[in-house]
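As stored in coords_24.tsv (TSV, C-alpha atoms):
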chain	number	residue	atom	x	y	z
A	1	MET	CA	-7.48	-132.53	97.36
A	2	ARG	CA	-9.79	-134.17	94.84
A	3	PRO	CA	-12.15	-131.90	92.87
A	4	HIS	CA	-15.84	-131.86	93.78
A	5	GLY	CA	-17.84	-133.64	91.09
A	6	PRO	CA	-16.60	-134.99	87.74
A	7	VAL	CA	-13.81	-133.25	85.84
A	8	VAL	CA	-15.24	-134.56	82.55
A	9	ARG	CA	-18.91	-135.46	82.16
A	10	THR	CA	-20.26	-138.37	80.16
A	11	VAL	CA	-23.76	-138.53	78.70
A	12	ARG	CA	-26.18	-140.54	80.81
A	13	HIS	CA	-27.38	-142.76	77.98
A	14	ASP	CA	-25.40	-144.88	75.54
A	15	PRO	CA	-24.08	-142.52	72.82
A	16	ALA	CA	-24.08	-145.46	70.40
A	17	ASP	CA	-27.86	-145.73	70.82
A	18	ARG	CA	-28.89	-142.09	70.55
A	19	PRO	CA	-27.20	-138.73	70.18
A	20	LEU	CA	-27.28	-135.99	72.75
A	21	LEU	CA	-27.54	-133.37	69.97
A	22	VAL	CA	-29.08	-133.36	66.51
A	23	ILE	CA	-28.01	-130.30	64.55
A	24	TRP	CA	-30.21	-129.55	61.54
A	25	GLU	CA	-28.91	-127.10	58.95
A	26	ALA	CA	-32.35	-125.84	57.91
A	27	THR	CA	-30.94	-123.71	55.08
A	28	ARG	CA	-27.69	-122.30	53.76
A	29	ALA	CA	-29.29	-118.98	52.92
A	30	CYS	CA	-27.91	-116.08	54.95
A	31	ALA	CA	-27.61	-112.31	54.55
A	32	LEU	CA	-24.13	-112.32	56.09
A	33	SER	CA	-20.84	-113.24	54.40
A	34	CYS	CA	-18.70	-114.34	57.33
A	35	VAL	CA	-15.01	-114.93	56.68
A	36	HIS	CA	-15.04	-118.30	58.48
A	37	CYS	CA	-18.35	-119.74	57.20
A	38	ARG	CA	-18.30	-123.55	57.11
A	39	ALA	CA	-21.33	-123.61	54.82
A	40	GLU	CA	-20.16	-120.86	52.47
A	41	ALA	CA	-23.68	-119.51	52.90
A	42	GLN	CA	-25.53	-118.04	49.93
A	43	PRO	CA	-28.09	-115.23	49.56
A	44	LEU	CA	-30.84	-117.55	48.30
A	45	ARG	CA	-32.26	-120.82	49.56
A	46	HIS	CA	-31.33	-124.06	47.80
A	47	PRO	CA	-34.19	-125.57	45.76
A	48	ASP	CA	-33.50	-129.05	47.15
A	49	GLU	CA	-33.75	-128.10	50.84
A	50	LEU	CA	-35.97	-130.26	53.02
A	51	ASP	CA	-39.45	-128.80	52.66
A	52	THR	CA	-41.89	-128.40	55.55
A	53	ALA	CA	-43.26	-131.93	55.28
A	54	GLU	CA	-39.79	-133.46	54.99
A	55	ALA	CA	-38.53	-131.37	57.91
A	56	THR	CA	-41.50	-132.55	59.96
A	57	ASP	CA	-40.62	-136.13	59.07
A	58	LEU	CA	-37.06	-135.44	60.23
A	59	LEU	CA	-38.42	-134.32	63.60
A	60	HIS	CA	-40.38	-137.58	63.81
A	61	GLN	CA	-37.17	-139.47	63.05
A	62	VAL	CA	-35.42	-137.66	65.92
A	63	ALA	CA	-38.28	-138.50	68.27
A	64	ALA	CA	-37.95	-142.16	67.23
A	65	PHE	CA	-34.66	-142.35	69.13
A	66	GLY	CA	-36.83	-142.61	72.25
A	67	ARG	CA	-36.36	-141.12	75.68
A	68	PRO	CA	-34.45	-139.15	76.66
A	69	ALA	CA	-34.91	-137.53	73.26
A	70	PRO	CA	-31.99	-135.73	71.64
A	71	ILE	CA	-31.93	-131.95	71.70
A	72	VAL	CA	-32.63	-130.48	68.25
A	73	VAL	CA	-30.71	-127.35	67.25
A	74	ILE	CA	-31.97	-125.62	64.10
A	75	THR	CA	-29.15	-123.73	62.46
A	76	GLY	CA	-28.02	-122.53	59.03
A	77	GLY	CA	-26.94	-120.38	57.15
A	78	ASP	CA	-29.58	-118.39	58.93
A	79	CYS	CA	-32.52	-120.47	60.11
A	80	PHE	CA	-34.64	-117.27	60.12
A	81	GLU	CA	-34.55	-117.42	56.32
A	82	ARG	CA	-37.14	-120.21	56.57
A	83	GLU	CA	-40.69	-118.89	56.79
A	84	ASP	CA	-41.83	-122.17	58.38
A	85	LEU	CA	-39.32	-122.00	61.27
A	86	THR	CA	-41.85	-121.18	63.98
A	87	GLU	CA	-44.26	-123.86	62.75
A	88	LEU	CA	-41.48	-126.47	62.75
A	89	VAL	CA	-40.57	-125.53	66.31
A	90	ARG	CA	-44.20	-126.07	67.31
A	91	ARG	CA	-44.25	-129.47	65.62
A	92	GLY	CA	-41.02	-130.49	67.32
A	93	ARG	CA	-42.33	-129.46	70.72
A	94	ALA	CA	-45.56	-131.40	70.08
A	95	LEU	CA	-43.37	-134.48	69.65
A	96	GLY	CA	-41.76	-133.84	73.03
A	97	LEU	CA	-38.48	-132.53	71.60
A	98	ALA	CA	-36.43	-129.73	73.09
A	99	VAL	CA	-35.77	-127.35	70.19
A	100	ALA	CA	-33.14	-124.60	70.15
A	101	VAL	CA	-32.25	-122.18	67.36
A	102	SER	CA	-28.99	-120.68	66.13
A	103	PRO	CA	-29.79	-117.60	63.99
A	104	SER	CA	-27.47	-115.07	62.38
A	105	GLY	CA	-27.22	-111.46	63.49
A	106	THR	CA	-29.27	-110.02	60.62
A	107	ALA	CA	-32.23	-107.65	60.42
A	108	ARG	CA	-34.52	-110.71	60.80
A	109	LEU	CA	-33.25	-111.16	64.35
A	110	ASP	CA	-35.70	-108.78	66.00
A	111	ARG	CA	-37.89	-108.82	69.07
A	112	ALA	CA	-41.00	-110.02	67.24
A	113	ALA	CA	-39.15	-113.02	65.85
A	114	LEU	CA	-37.79	-113.96	69.27
A	115	VAL	CA	-41.21	-113.60	70.92
A	116	GLY	CA	-42.72	-115.81	68.22
A	117	LEU	CA	-40.12	-118.50	68.77
A	118	GLN	CA	-40.55	-118.39	72.52
A	119	GLU	CA	-44.30	-118.76	72.15
A	120	ALA	CA	-43.71	-121.73	69.83
A	121	GLY	CA	-41.65	-123.45	72.53
A	122	VAL	CA	-38.01	-122.42	72.06
A	123	THR	CA	-36.23	-122.12	75.40
A	124	ALA	CA	-32.62	-121.71	74.24
A	125	MET	CA	-30.69	-120.11	71.40
A	126	SER	CA	-27.13	-119.39	70.39
A	127	LEU	CA	-25.64	-116.17	69.07
A	128	SER	CA	-22.24	-115.63	67.49
A	129	LEU	CA	-19.88	-112.95	68.74
A	130	ASP	CA	-16.33	-113.00	67.42
A	131	GLY	CA	-15.16	-109.63	68.67
A	132	ALA	CA	-15.84	-107.42	71.67
A	133	THR	CA	-16.28	-104.34	69.46
A	134	ALA	CA	-18.29	-103.55	66.37
A	135	ALA	CA	-15.10	-102.96	64.38
A	136	VAL	CA	-13.77	-106.46	65.00
A	137	HIS	CA	-17.03	-108.41	64.91
A	138	ASP	CA	-18.53	-106.64	61.90
A	139	GLY	CA	-15.22	-106.99	60.08
A	140	PHE	CA	-15.39	-110.74	60.72
A	141	ARG	CA	-19.03	-110.98	59.62
A	142	ARG	CA	-18.50	-108.52	56.74
A	143	VAL	CA	-21.83	-106.71	57.32
A	144	PRO	CA	-22.01	-103.44	59.32
A	145	GLY	CA	-24.45	-103.41	62.23
A	146	THR	CA	-24.16	-107.12	63.01
A	147	PHE	CA	-22.50	-106.47	66.37
A	148	ASP	CA	-25.20	-104.11	67.60
A	149	ARG	CA	-28.02	-106.38	66.39
A	150	THR	CA	-26.44	-109.34	68.17
A	151	LEU	CA	-26.14	-107.46	71.46
A	152	GLU	CA	-29.74	-106.27	71.16
A	153	ALA	CA	-30.97	-109.80	70.46
A	154	TRP	CA	-28.93	-111.09	73.40
A	155	ALA	CA	-30.55	-108.57	75.74
A	156	THR	CA	-34.03	-109.32	74.37
A	157	ALA	CA	-33.57	-113.07	74.70
A	158	ARG	CA	-32.43	-112.70	78.32
A	159	GLU	CA	-35.40	-110.43	79.02
A	160	LEU	CA	-37.76	-113.06	77.58
A	161	GLY	CA	-36.19	-115.74	79.75
A	162	LEU	CA	-34.47	-117.60	76.91
A	163	LYS	CA	-31.19	-119.34	77.65
A	164	VAL	CA	-28.39	-117.92	75.51
A	165	GLN	CA	-25.19	-119.59	74.34
A	166	VAL	CA	-22.58	-117.26	72.88
A	167	ASN	CA	-20.27	-118.73	70.22
A	168	SER	CA	-16.87	-117.19	69.44
A	169	THR	CA	-14.45	-118.34	66.76
A	170	MET	CA	-10.84	-118.86	67.81
A	171	SER	CA	-8.40	-117.96	65.04
A	172	SER	CA	-5.19	-115.98	64.80
A	173	ARG	CA	-7.39	-113.06	63.78
A	174	THR	CA	-9.62	-113.13	66.88
A	175	VAL	CA	-7.74	-114.86	69.69
A	176	HIS	CA	-6.57	-111.61	71.28
A	177	GLU	CA	-10.23	-110.66	71.75
A	178	LEU	CA	-10.66	-113.40	74.36
A	179	PRO	CA	-10.32	-111.35	77.58
A	180	ASP	CA	-12.69	-108.64	76.37
A	181	LEU	CA	-15.17	-111.23	75.12
A	182	ALA	CA	-14.99	-112.99	78.48
A	183	ALA	CA	-15.74	-109.69	80.21
A	184	LEU	CA	-18.71	-109.09	77.91
A	185	VAL	CA	-20.14	-112.55	78.56
A	186	ARG	CA	-19.62	-112.19	82.30
A	187	ALA	CA	-21.32	-108.79	82.40
A	188	ARG	CA	-24.30	-109.67	80.21
A	189	GLY	CA	-24.84	-113.24	81.38
A	190	ALA	CA	-25.07	-116.41	79.31
A	191	MET	CA	-25.92	-120.07	79.77
A	192	THR	CA	-22.65	-120.97	78.03
A	193	TRP	CA	-19.78	-119.35	76.20
A	194	SER	CA	-18.47	-121.69	73.52
A	195	ALA	CA	-15.00	-121.13	72.06
A	196	PHE	CA	-15.00	-122.64	68.57
A	197	MET	CA	-11.56	-123.88	67.59
A	198	LEU	CA	-11.53	-123.17	63.87
A	199	VAL	CA	-11.72	-126.08	61.43
A	200	PRO	CA	-10.14	-124.95	58.14
A	201	MET	CA	-12.97	-125.56	55.68
A	202	GLY	CA	-15.38	-123.46	53.64
A	203	ARG	CA	-14.45	-119.79	53.77
A	204	GLY	CA	-12.33	-120.47	56.86
A	205	THR	CA	-9.69	-122.43	54.96
A	206	ASP	CA	-7.26	-119.51	54.83
A	207	LEU	CA	-8.46	-117.58	57.88
A	208	GLY	CA	-5.52	-118.51	60.09
A	209	THR	CA	-5.77	-121.34	62.60
A	210	LEU	CA	-3.89	-121.25	65.88
A	211	THR	CA	-0.65	-123.17	66.23
A	212	PRO	CA	-0.75	-126.20	68.55
A	213	ALA	CA	1.24	-124.25	71.17
A	214	GLN	CA	-1.23	-121.36	70.97
A	215	ALA	CA	-4.13	-123.79	71.27
A	216	GLU	CA	-2.61	-125.18	74.48
A	217	ASP	CA	-2.34	-121.63	75.82
A	218	VAL	CA	-5.97	-120.90	74.89
A	219	MET	CA	-7.29	-124.14	76.38
A	220	ASN	CA	-5.54	-123.48	79.66
A	221	TYR	CA	-6.73	-119.88	79.69
A	222	LEU	CA	-10.30	-121.07	79.12
A	223	TYR	CA	-9.89	-123.50	82.01
A	224	ASP	CA	-8.84	-120.58	84.23
A	225	LEU	CA	-12.03	-118.75	83.28
A	226	GLY	CA	-14.20	-121.57	84.64
A	227	PRO	CA	-14.96	-119.92	88.00
A	228	HIS	CA	-15.96	-116.69	86.22
A	229	VAL	CA	-17.65	-117.70	82.95
A	230	PRO	CA	-19.53	-120.90	81.94
A	231	VAL	CA	-17.06	-121.81	79.21
A	232	LYS	CA	-16.96	-124.76	76.80
A	233	THR	CA	-15.29	-125.55	73.49
A	234	THR	CA	-16.50	-126.63	70.07
A	235	GLU	CA	-14.11	-128.76	67.98
A	236	GLY	CA	-11.65	-128.33	70.83
A	237	HIS	CA	-11.96	-131.80	72.30
A	238	HIS	CA	-8.55	-131.71	73.97
A	239	PHE	CA	-10.07	-129.23	76.43
A	240	ARG	CA	-11.14	-132.41	78.23
A	241	ARG	CA	-7.52	-133.53	78.41
A	242	VAL	CA	-6.45	-130.10	79.68
A	243	SER	CA	-9.19	-130.19	82.33
A	244	LEU	CA	-7.92	-133.52	83.61
A	245	GLN	CA	-4.31	-132.38	83.59
A	246	ARG	CA	-5.11	-129.17	85.45
A	247	ALA	CA	-7.19	-130.97	88.08
A	248	VAL	CA	-4.32	-133.38	88.77
A	249	LEU	CA	-1.69	-130.63	88.90
A	250	ALA	CA	-3.81	-128.53	91.25
A	251	ALA	CA	-4.36	-131.49	93.57
A	252	ARG	CA	-0.60	-132.09	93.68
A	253	GLY	CA	0.24	-128.41	94.09
A	254	VAL	CA	2.29	-128.37	90.89
A	255	ASP	CA	2.66	-125.15	88.89
A	256	HIS	CA	0.74	-125.72	85.67
A	257	VAL	CA	2.56	-123.05	83.66
A	258	THR	CA	5.88	-124.81	84.10
A	259	ALA	CA	4.54	-128.37	84.01
A	260	LEU	CA	2.62	-127.80	80.77
A	261	GLY	CA	5.11	-125.43	79.14
A	262	LEU	CA	2.60	-122.65	78.57
A	263	GLY	CA	3.75	-119.70	76.49
A	264	ASP	CA	3.48	-116.00	75.76
A	265	LEU	CA	-0.14	-116.05	74.59
A	266	TYR	CA	-1.26	-117.64	77.87
A	267	ALA	CA	0.72	-115.01	79.80
A	268	GLU	CA	-0.83	-112.16	77.80
A	269	LEU	CA	-4.42	-113.38	78.12
A	270	THR	CA	-3.98	-114.11	81.83
A	271	ALA	CA	-2.43	-110.72	82.61
A	272	ARG	CA	-5.16	-108.83	80.78
A	273	THR	CA	-7.88	-110.75	82.60
A	274	ALA	CA	-6.20	-110.28	85.99
A	275	ALA	CA	-6.53	-106.52	85.44
A	276	PHE	CA	-10.33	-106.91	85.62
A	277	GLY	CA	-10.04	-107.71	89.34
A	278	TRP	CA	-12.49	-110.59	89.30
A	279	GLY	CA	-10.89	-112.38	92.25
A	280	ASP	CA	-11.60	-116.07	92.76
A	281	GLY	CA	-14.85	-116.04	90.84
A	282	GLY	CA	-17.27	-118.18	92.78
A	283	ARG	CA	-18.88	-120.18	89.98
A	284	THR	CA	-18.82	-123.96	89.94
A	285	ARG	CA	-16.55	-124.98	87.09
A	286	ARG	CA	-18.51	-126.42	84.14
A	287	PRO	CA	-17.02	-129.84	83.30
A	288	PRO	CA	-16.73	-130.52	79.55
A	289	VAL	CA	-18.92	-133.28	78.10
A	290	ASN	CA	-17.41	-136.29	76.38
A	291	VAL	CA	-19.21	-135.87	73.02
A	292	ASN	CA	-17.57	-136.00	69.61
A	293	ALA	CA	-18.44	-136.38	65.93
A	294	GLY	CA	-20.74	-139.39	65.65
A	295	TYR	CA	-20.40	-139.99	69.39
A	296	GLY	CA	-23.45	-138.30	70.84
A	297	PHE	CA	-23.58	-135.83	67.96
A	298	VAL	CA	-25.12	-135.91	64.47
A	299	PHE	CA	-25.58	-133.26	61.78
A	300	VAL	CA	-28.29	-133.21	59.10
A	301	SER	CA	-27.64	-130.93	56.14
A	302	HIS	CA	-30.10	-128.63	54.36
A	303	VAL	CA	-30.61	-131.31	51.69
A	304	GLY	CA	-31.02	-134.18	54.16
A	305	THR	CA	-27.60	-135.81	54.11
A	306	VAL	CA	-26.34	-137.09	57.47
A	307	HIS	CA	-22.86	-136.35	58.81
A	308	PRO	CA	-21.01	-136.99	62.08
A	309	SER	CA	-20.42	-133.21	62.29
A	310	GLY	CA	-21.20	-130.14	60.25
A	311	PHE	CA	-17.46	-129.73	59.86
A	312	LEU	CA	-16.91	-133.28	58.55
A	313	PRO	CA	-18.28	-133.29	54.99
A	314	VAL	CA	-18.60	-137.06	54.60
A	315	ALA	CA	-22.18	-138.32	54.32
A	316	ALA	CA	-23.29	-141.57	55.94
A	317	GLY	CA	-26.78	-141.53	54.47
A	318	ASP	CA	-29.82	-139.40	53.65
A	319	VAL	CA	-32.92	-138.94	55.82
A	320	ARG	CA	-35.08	-138.92	52.70
A	321	THR	CA	-34.20	-142.55	52.00
A	322	ARG	CA	-33.06	-144.04	55.32
A	323	PRO	CA	-34.15	-143.38	58.90
A	324	LEU	CA	-31.85	-141.18	60.96
A	325	THR	CA	-31.94	-143.72	63.78
A	326	GLU	CA	-30.58	-146.43	61.47
A	327	ILE	CA	-27.88	-144.19	59.99
A	328	TYR	CA	-26.68	-143.05	63.40
A	329	ARG	CA	-26.72	-146.49	65.01
A	330	THR	CA	-25.46	-148.73	62.21
A	331	SER	CA	-23.62	-146.86	59.44
A	332	GLU	CA	-19.97	-147.79	59.05
A	333	LEU	CA	-18.83	-144.19	59.42
A	334	PHE	CA	-20.66	-143.59	62.69
A	335	THR	CA	-19.79	-146.93	64.28
A	336	GLY	CA	-16.18	-146.45	63.21
A	337	LEU	CA	-15.94	-143.01	64.80
A	338	ARG	CA	-17.27	-144.46	68.04
A	339	ASP	CA	-14.39	-146.96	68.16
A	340	PRO	CA	-11.32	-145.30	69.75
A	341	ASP	CA	-9.15	-148.21	68.60
A	342	ARG	CA	-9.50	-146.95	65.03
A	343	LEU	CA	-7.72	-143.66	65.78
A	344	THR	CA	-4.26	-143.40	64.25
A	345	GLY	CA	-1.15	-141.30	64.77
A	346	ARG	CA	-0.77	-139.40	68.02
A	347	CYS	CA	-4.51	-139.61	68.75
A	348	GLY	CA	-4.35	-143.39	68.47
A	349	ALA	CA	-1.34	-143.57	70.80
A	350	CYS	CA	-2.64	-141.04	73.34
A	351	GLU	CA	-3.57	-142.16	76.83
A	352	PHE	CA	-6.30	-139.48	76.81
A	353	GLY	CA	-7.74	-140.77	73.54
A	354	ARG	CA	-10.86	-142.37	75.00
A	355	VAL	CA	-11.92	-139.20	76.79
A	356	CYS	CA	-10.68	-136.69	74.19
A	357	GLY	CA	-10.50	-138.34	70.77
A	358	GLY	CA	-9.38	-135.16	69.04
A	359	SER	CA	-11.35	-133.30	66.39
A	360	ARG	CA	-12.32	-135.82	63.75
A	361	SER	CA	-13.39	-132.90	61.56
A	362	ARG	CA	-9.99	-131.21	61.77
A	363	ALA	CA	-8.22	-134.51	61.16
A	364	TYR	CA	-10.26	-134.96	57.99
A	365	ALA	CA	-9.68	-131.37	56.86
A	366	ALA	CA	-5.94	-131.75	57.36
A	367	GLY	CA	-5.34	-135.17	55.82
A	368	GLY	CA	-8.56	-136.59	54.42
A	369	ASP	CA	-8.71	-139.25	57.16
A	370	PRO	CA	-11.38	-138.87	59.86
A	371	TYR	CA	-9.40	-141.29	62.07
A	372	GLY	CA	-6.12	-139.41	61.79
A	373	PRO	CA	-4.43	-137.14	64.35
A	374	ASP	CA	-5.84	-133.74	65.26
A	375	PRO	CA	-3.19	-131.28	64.02
A	376	LEU	CA	-4.22	-128.62	66.55
A	377	CYS	CA	-3.27	-130.75	69.56
A	378	GLY	CA	0.25	-130.17	70.84
A	379	TYR	CA	0.32	-132.93	73.44
A	380	GLU	CA	2.90	-135.69	73.05
A	381	PRO	CA	1.34	-138.98	74.21
A	382	GLY	CA	2.82	-140.48	77.37
A	383	THR	CA	4.51	-137.30	78.63
A	384	PHE	CA	2.08	-136.33	81.41
A	385	PRO	CA	3.84	-137.47	84.60
A	386	TYR	CA	0.80	-138.52	86.66
A	387	PRO	CA	-1.18	-141.06	84.60
A	388	GLN	CA	-2.44	-142.90	87.68
A	389	ASP	CA	-4.02	-139.72	89.02
A	390	VAL	CA	-5.82	-139.23	85.71
A	391	ALA	CA	-7.11	-142.81	85.79
A	392	GLU	CA	-8.44	-142.30	89.30
A	393	LEU	CA	-10.31	-139.15	88.25
A	394	LEU	CA	-11.89	-140.94	85.31
A	395	THR	CA	-13.11	-143.84	87.45
A	396	ALA	CA	-14.28	-141.73	90.42

Hey, can you dump this file as structure tokens for me?
Amino acid sequence: MRPHGPVVRTVRHDPADRPLLVIWEATRACALSCVHCRAEAQPLRHPDELDTAEATDLLHQVAAFGRPAPIVVITGGDCFEREDLTELVRRGRALGLAVAVSPSGTARLDRAALVGLQEAGVTAMSLSLDGATAAVHDGFRRVPGTFDRTLEAWATARELGLKVQVNSTMSSRTVHELPDLAALVRARGAMTWSAFMLVPMGRGTDLGTLTPAQAEDVMNYLYDLGPHVPVKTTEGHHFRRVSLQRAVLAARGVDHVTALGLGDLYAELTARTAAFGWGDGGRTRRPPVNVNAGYGFVFVSHVGTVHPSGFLPVAAGDVRTRPLTEIYRTSELFTGLRDPDRLTGRCGACEFGRVCGGSRSRAYAAGGDPYGPDPLCGYEPGTFPYPQDVAELLTA
């Protein structure tokens, strides 16, 4: 039986022409001191941050991509550290842009702030939750009270009608929290739950990444959660490969645990979730989107430099001196990352390369080459026994 709808989604417009997402790091200032922080956030704002006028010009540059306009996500650090945040949201909305925010769980994240953002035109936001208890989450964020503030903001946002994405970091320190986090997301409701597969950079360099075998277990566990929780991954691009494999194995009636060689972590996570008694779920599985660094995605730093991802610290230009549209469409780094033939190692040899592509950020962090293999992927190219079935799914 073939699955209903696509197993992997592609963006409707040409990702070489315009991104689906523009992430703007409005500041690196943040009151938290999270153990995994990519930005190594600081207490004070940087003097060379884009000011209000320059940030407004950036919004005009995003609008210049045309229709459909990219979604703008204002992040940080903590974007609430900028006193002009609400005004910038208003200006973005006036340009016809959809603007979302990604604040930190600090004392600034209160009801008044959320009401102000909603009135300015924000319809969606993301919150980070790395543990299902205050002890785990606050230990990860290194500030007491962060867990409770995040839950309160989540409830307030839902009450106000804002869409909420919950982000959770996957590391050896937090991976066993997955079932309880899934239960929390299912009970409280969210637009999306995004499992961030740690990229070892910033403060997260020594945090403890998963092994490739553990990552395979986690990806397959996340796939199982699809009927219960609207799950996605960040920097876990081989979730698209897993989704295709699982769809083919299910259609053929083949046991995925044996066929994919899943291990003890998968068994543990699955058994703990089965104890919740959720049954078959009933949700329509959320197909992952084929977006990657520079391929439908662009990151603008607090000082205006442009990167394929916030986790790939190689600049392709600067919005103060060159239009974002030009950098995204024509820079050598971005055009190179959109060419799957430039991938090397196992990613270059993989039959799933054009739909997965691996984490270019993790490849760079591991070996200094953004075209190199993703060290978190445990798949050996050419070993999946039903390549024709995969090809048929991709062309359906």

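Between CA of Gly66 (chain A) and CA of Phe334 (chain A) there is a distance of 18.8 Å.
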
Computed interatomic separation between CA of Asp17 (chain A) and CA of Phe196 (chain A) (Å): 26.5 Å

Non-local contacts of region 214-218 of chain A (12 Å; only C-alpha atoms; under 5 positions in same chain excluded) as JSON, numbers by chain: {"A": [170, 171, 172, 174, 175, 176, 177, 178, 179, 195, 196, 197, 198, 209, 223, 224, 225, 231, 232, 233, 235, 236, 237, 238, 239, 240, 241, 242, 243, 245, 246, 256, 257, 260, 261, 262, 263, 264, 265, 266, 267, 268, 269, 270, 374, 375, 376, 377, 378, 379, 380]}

Atomic distance CA of Arg91 (chain A) - CA of Thr56 (chain A), expressed in Å with one decimal: 7.0 Å

Using all atoms listed in the file, what residues lie at most 12 Å away from (-18.4, -126.7, 86.9) (file coordinates), given as number ranges by chain? A: 3-9, 192, 223-232, 243, 281-289

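Those residues that approach Glu159 (chain A) to within 12 Å, counting only C-alpha atoms, are Arg111, Leu114, Val115, Gln118, Glu152, Ala153, Trp154, Ala155, Lys163, Val164, Arg188, Gly189 and Ala190 of chain A; same-chain residues fewer than 4 positions away are not listed.
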
Nearest to Thr273 (chain A), chosen from A:Ala112, A:Cys347, A:Ala107, A:Leu181, with only C-alpha atoms counted in the distances: A:Leu181

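For the choices A:Phe147, A:His302, A:His60, A:Asp51, the atom-to-atom distance to Ala29 (chain A) is smallest for A:His302 when using all atoms listed in the file.
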
Give me, as a VMD selection string, all polymer residues having an atom no more than 9 Å from Leu249 (chain A), counting only C-alpha atoms and skipping those fewer than 5 positions away in the same chain. chain A and resid 244 254 to 256 259 386

From the list A:Phe65, A:Gly77, A:Leu312, A:Arg45, the nearest residue to Pro200 (chain A) using only C-alpha atoms is A:Leu312

Polymer residues at most 12 Å from Ala94 (chain A), only C-alpha atoms, same-chain spacing of 5 or more positions, as a list of chain:residue names: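 Neighbouring residues, sequence-local ones excluded: A:Thr56, A:Leu59, A:His60, A:Ala63, A:Glu87, A:Leu88, A:Val89, A:Val99, A:Ala120, A:Gly121, A:Val122.
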
For Thr305 (chain A), work out the shell of residues within 12 Å, counting only C-alpha atoms and skipping chain neighbours fewer than 6 positions away, then give it as JSON, numbers by chain. {"A": [23, 24, 25, 26, 48, 49, 50, 58, 298, 299, 312, 313, 314, 315, 316, 317, 318, 319, 320, 321, 322, 323, 324, 327, 328]}

Write out the residues from the selection above, keeping C-alpha atoms, as a CSV table (one decimal), keeping the file's coordinate frame.
chain,number,residue,atom,x,y,z
A,23,ILE,CA,-28.0,-130.3,64.6
A,24,TRP,CA,-30.2,-129.6,61.5
A,25,GLU,CA,-28.9,-127.1,59.0
A,26,ALA,CA,-32.4,-125.8,57.9
A,48,ASP,CA,-33.5,-129.0,47.2
A,49,GLU,CA,-33.8,-128.1,50.8
A,50,LEU,CA,-36.0,-130.3,53.0
A,58,LEU,CA,-37.1,-135.4,60.2
A,298,VAL,CA,-25.1,-135.9,64.5
A,299,PHE,CA,-25.6,-133.3,61.8
A,312,LEU,CA,-16.9,-133.3,58.6
A,313,PRO,CA,-18.3,-133.3,55.0
A,314,VAL,CA,-18.6,-137.1,54.6
A,315,ALA,CA,-22.2,-138.3,54.3
A,316,ALA,CA,-23.3,-141.6,55.9
A,317,GLY,CA,-26.8,-141.5,54.5
A,318,ASP,CA,-29.8,-139.4,53.6
A,319,VAL,CA,-32.9,-138.9,55.8
A,320,ARG,CA,-35.1,-138.9,52.7
A,321,THR,CA,-34.2,-142.6,52.0
A,322,ARG,CA,-33.1,-144.0,55.3
A,323,PRO,CA,-34.2,-143.4,58.9
A,324,LEU,CA,-31.8,-141.2,61.0
A,327,ILE,CA,-27.9,-144.2,60.0
A,328,TYR,CA,-26.7,-143.0,63.4
